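*Asks:* My questions will all concern the structure given below.
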Amino acid sequence: MTKQQAPCGTWTSPITASVVAAGATPLASLMLDGASLYWLEGRASEAGRSTLVGSSGELTPAPFNVRSKVHEYGGGAYAVSDGLAWFSNHGDSRLYRVEAGAEPVPLTAEGNGRRYADFVVDAGHRRLVSVREDHSAGGHYPENTIAAIGFDGKETVLVDGNDFYAAPRISPDGRHLAWLCWDHPRMPWEGSELWLADIQEDGSLANGRLVAGGPQESVCQPEWSPGGVLHFVSDRSGWWNLYRFEHGVVQPLCPREAEFGGPLWTFGGSLYGFRSDDEIVCAYVEGGVSKLARLRGGVLTEVATPYEEIRELRVNTQTVALLGGAPTLALELARIDLEGGTHEVLARSIAQLPPTGYLSIPQSISYPSANGRSAYAFHYPPTNADFAPQDGELPPLIVIGHGGPTGMAASTLKLATQFWTSRGFAVLDVNYGGSTGFGRAYRDLLKGQWGVVDVEDCVAGARHLAQQGLADPARLLVRGSSAGGLTTLCALAFHDVFKAGACYYGVSDLAGLDADSHKFESHYNQYLIAPPEQAERVYRERSPIHHTDKLKRPMIFFQGLDDMVVPPQQSETMVEALRARQVPVAYITLEGEGHGFRKAESVVKTLEAELVFYLRVFNIPVPAGLPAVEIENLPA
């Protein structure tokens with residue numbers, strides 16, 4: 001069938017903003033209890049709350065919201081043992097116990113100022129062992145510890161003295177506890193430590209000893225084999241690889257230029273597990289693509305799956321349960337039989353996918369960037385079963401800088417990306433220097449260079465596609481959220497490639513970020529930008545708020561009013577500066593939203609406003625049915 005020619009950006013698409021908002025059910029936090037599988041599902045229609053789901057159905061009815069606020073990013077919000085579940089409730093930060101068919105029962109005291117995450121069940125001592133964040137003293141920053149919470153609600157500190165803790169893990173015989181810790185100014189992917197201690201009969205710890213890690217080594221995901229051997233992931237080789245600690249010796253299991261772990265932004269992540277003492281099932285990233293494999297006797301054997309991104313997995317003797325996605329598959333929860341090879345999908349983030357004719361299949365590309373290095377990205381060409389560009393028309397390009405900034409762009413089907421490509425926009429999702437998935441050296445390219453290397457790689461990517469005839473050089477756009485928001489602002493302030501931009505809860509004032517940031521990230525800029533003695537000068541050089549005289553391109557800002565990571569003041573100050581300089585600007589605020597938008601109405605509002613903004617900036621006719629957007633200083 002002949003496609004209708006129409007200006008890029010005006011194409012009609014079944015992938016509406018409402019479909020994007022309603023069609024994606026967040027899936028996260030897998031857990032196996034024997035043969036029973038549990039996970040979290042997001043409910044966009046219920047203000048974005050997360051609920052605990054198992055094979056018997058939903059365990060946490062509204063208004064319970066299974067979510068931790070430790071480190072603000074949370075994760076590790078529940079644990080399950082012998083059919084009983086314990087979870088952190090977002091609304092009051094209390095721990096609750098629940099079993100199928102019963103109402104949740106509170107375990108911890110109301111209003112105690114404490115938050116809990118990454119907890120495990122210590123059945124022998126009738127308690128949970130948890131990362132605890134204590135805000136009760138009322139100081140600027142909370143106190144972090146590893147604490148025991150008895151089934152009677154009594155709390156006891158087990159480990160303290162470090163700034164941060166994660167991943168307390170009890171050996172199968174209940175006699176040993178392993179955990180991770182690190183201190184300011186480091187983030188856990190810069191340098192962290194793995195410790196091990198003996199659990200005494202009274203539940204206290206003794207004989208604590210350092211197993212691995214240090215200021216220049218990042219350790220993550222400690223796990224015990226069924227026989228009681230401690231395993232972990234370390235980047236001591238330059239790549240996050242698997243190791244075990246046995247008889248006082250650390251042994252590499254599979255040296256490889258691949259990533260078997262990831263940055264510890266949230267608690268409870270899992271990328272490997274044990275089928276037996278002799279066999280590990282794991283996921284690893286190589287060349288920006290995830291693979292599933294079995295590791296036995298040092299030999300890594302790939303397991304065929306349809307997935308190119310595996311976010312987490314859990315393993316037992318017969319099966320692996322995983323969250324995976326691919327360019328034509330939105331994130332889904334699948335169970336794979338390791339013997340028979342059968343593949344069962346248990347839950348899908350998108351119940352019904354759009355017709356394939358409206359889906360853009362990304363191409364993984366590398367391209368030259370500044371100072372002779374290469375950068376990586378996924379290029380999505382505009383795709384629509386019914387429309388094609390007008391003769392001679394090149395599509396506008398949206399360049400996306402991911403958040404993190406140690407995050408990673410993946411190729412899993414995302415309706416939010418297809419929203420743009422099915423309307424005639426090309427998209428470039430950039431894994432700039434600093435991104436995870438390409439080894440420590442690539443990750444460390446951003447050391448002292450945030451706002452420089454990431455921006456250079458986004459600029460180079462836009463130029464590369466324009467030079468290849470894949471994008472209109474006069475209609476290059478840049479968008480980003482959080483750390484990607486700084487990338488967006490710096491790209492517009494310090495380069496002349498992009499013609500407009502969209503900033504979602506982005507950083508504009510690095511000094512202000514330090515002053516307002518929560519404990520977890522309060523020293524991160526020492527790594528990303530500069531040490532304290534140089535900070536004032538470099539912050540000023542790098543912060544877009546001090547260079548608004550260089551901003552001449554239209555911008556739209558989106559900000560959650562409850563954001564504790566990048567407070568609204570960061571966006572408001574920037575908007576005021578652009579208003580004063582008569583630069584076209586739009587500002588959309590969202591009540592009840594924090595760092596990342598969870599409500600369906602928020603997703604609809606922001607996507608449609610961003611689309612209208614781009615169309616009006618480029619004088620493209622705005623299709624009927626889209627909302628009016630106030631853009632100050634934009635000529636009629």
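Ligands are numbered from 1 in the order shown, residues from 1 within each chain, and chains are lettered A, B, ... in the order they appear in the structure tokens.
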Go through segment 198-432 of chain A and collect every residue that DSSP, computed from the backbone, puts in strand (DSSP E or B); the answer should be as an MDAnalysis selection string.
*Replies:* chainID A and resid 198:199 205:214 217 219:224 230:234 241:246 249:252 259 267 272:276 279:286 289:296 299:303 309:315 319:326 329:337 343:348 363:368 374:380 387:388 397:401 426:431
*Asks:* So which residues touch Tyr527 of chain A within 8 Å, counting only C-alpha atoms, skipping near sequence neighbours fewer than 6 positions away, as a ChimeraX atom specification?
*Replies:* /A:185-186,447-448
*Asks:* Which residues are near Ala22 of chain A? Cut-off 9 Å, only C-alpha atoms, ignore same chain within fewer than 2 positions. Put them as a PyMOL selection string.
*Replies:* chain A and resi 17-20+24-25+44-45+350+600
*Asks:* Neighbouring residues of Thr145 of chain A were defined as those with any atom within 9 Å, considering only C-alpha atoms; residues of the same chain fewer than 3 positions away were excluded. Please report them as an MDAnalysis selection string.
*Replies:* chainID A and resid 130:134 157:165
*Asks:* Please identify all polymer residues within 8 Å of Pro389 of chain A, counting only C-alpha atoms, omitting same-chain residues fewer than 2 positions from it, and present them as a ChimeraX atom specification.
*Replies:* /A:5-8,387,391-395,424
*Asks:* How would the residues just chosen look if you wrote them out with N, CA and C atoms as a PDB file, in the first residue's frame?
*Replies:*
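Result went into part28.pdb, see below:
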```
ATOM      1  N   GLN A   5       2.346  10.899   1.927  1.00  0.00           N
ATOM      2  CA  GLN A   5       3.418  11.814   2.287  1.00  0.00           C
ATOM      3  C   GLN A   5       2.860  12.958   3.127  1.00  0.00           C
ATOM      4  N   ALA A   6       3.563  13.247   4.223  1.00  0.00           N
ATOM      5  CA  ALA A   6       3.126  14.325   5.120  1.00  0.00           C
ATOM      6  C   ALA A   6       4.341  14.831   5.876  1.00  0.00           C
ATOM      7  N   PRO A   7       4.313  16.082   6.341  1.00  0.00           N
ATOM      8  CA  PRO A   7       5.455  16.619   7.075  1.00  0.00           C
ATOM      9  C   PRO A   7       5.781  15.763   8.299  1.00  0.00           C
ATOM     10  N   CYS A   8       7.037  15.506   8.503  1.00  0.00           N
ATOM     11  CA  CYS A   8       7.467  14.772   9.691  1.00  0.00           C
ATOM     12  C   CYS A   8       7.019  15.532  10.935  1.00  0.00           C
ATOM     13  N   PHE A 387       2.508   6.570   6.729  1.00  0.00           N
ATOM     14  CA  PHE A 387       3.066   7.853   6.314  1.00  0.00           C
ATOM     15  C   PHE A 387       4.539   7.743   5.958  1.00  0.00           C
ATOM     16  N   ASP A 391       8.758  14.562  -0.243  1.00  0.00           N
ATOM     17  CA  ASP A 391       9.927  14.424  -1.113  1.00  0.00           C
ATOM     18  C   ASP A 391      11.040  15.367  -0.668  1.00  0.00           C
ATOM     19  N   GLY A 392      12.217  14.814  -0.489  1.00  0.00           N
ATOM     20  CA  GLY A 392      13.384  15.613  -0.119  1.00  0.00           C
ATOM     21  C   GLY A 392      13.454  15.999   1.352  1.00  0.00           C
ATOM     22  N   GLU A 393      12.455  15.611   2.147  1.00  0.00           N
ATOM     23  CA  GLU A 393      12.438  16.002   3.565  1.00  0.00           C
ATOM     24  C   GLU A 393      13.255  15.031   4.401  1.00  0.00           C
ATOM     25  N   LEU A 394      14.127  15.572   5.216  1.00  0.00           N
ATOM     26  CA  LEU A 394      14.843  14.787   6.221  1.00  0.00           C
ATOM     27  C   LEU A 394      14.145  14.965   7.564  1.00  0.00           C
ATOM     28  N   PRO A 395      14.109  13.924   8.382  1.00  0.00           N
ATOM     29  CA  PRO A 395      13.335  14.023   9.623  1.00  0.00           C
ATOM     30  C   PRO A 395      14.034  14.880  10.668  1.00  0.00           C
ATOM     31  N   GLY A 424       7.193  10.680  12.928  1.00  0.00           N
ATOM     32  CA  GLY A 424       8.101  11.220  11.927  1.00  0.00           C
ATOM     33  C   GLY A 424       9.403  11.773  12.456  1.00  0.00           C
TER      34      GLY A 424
END
```
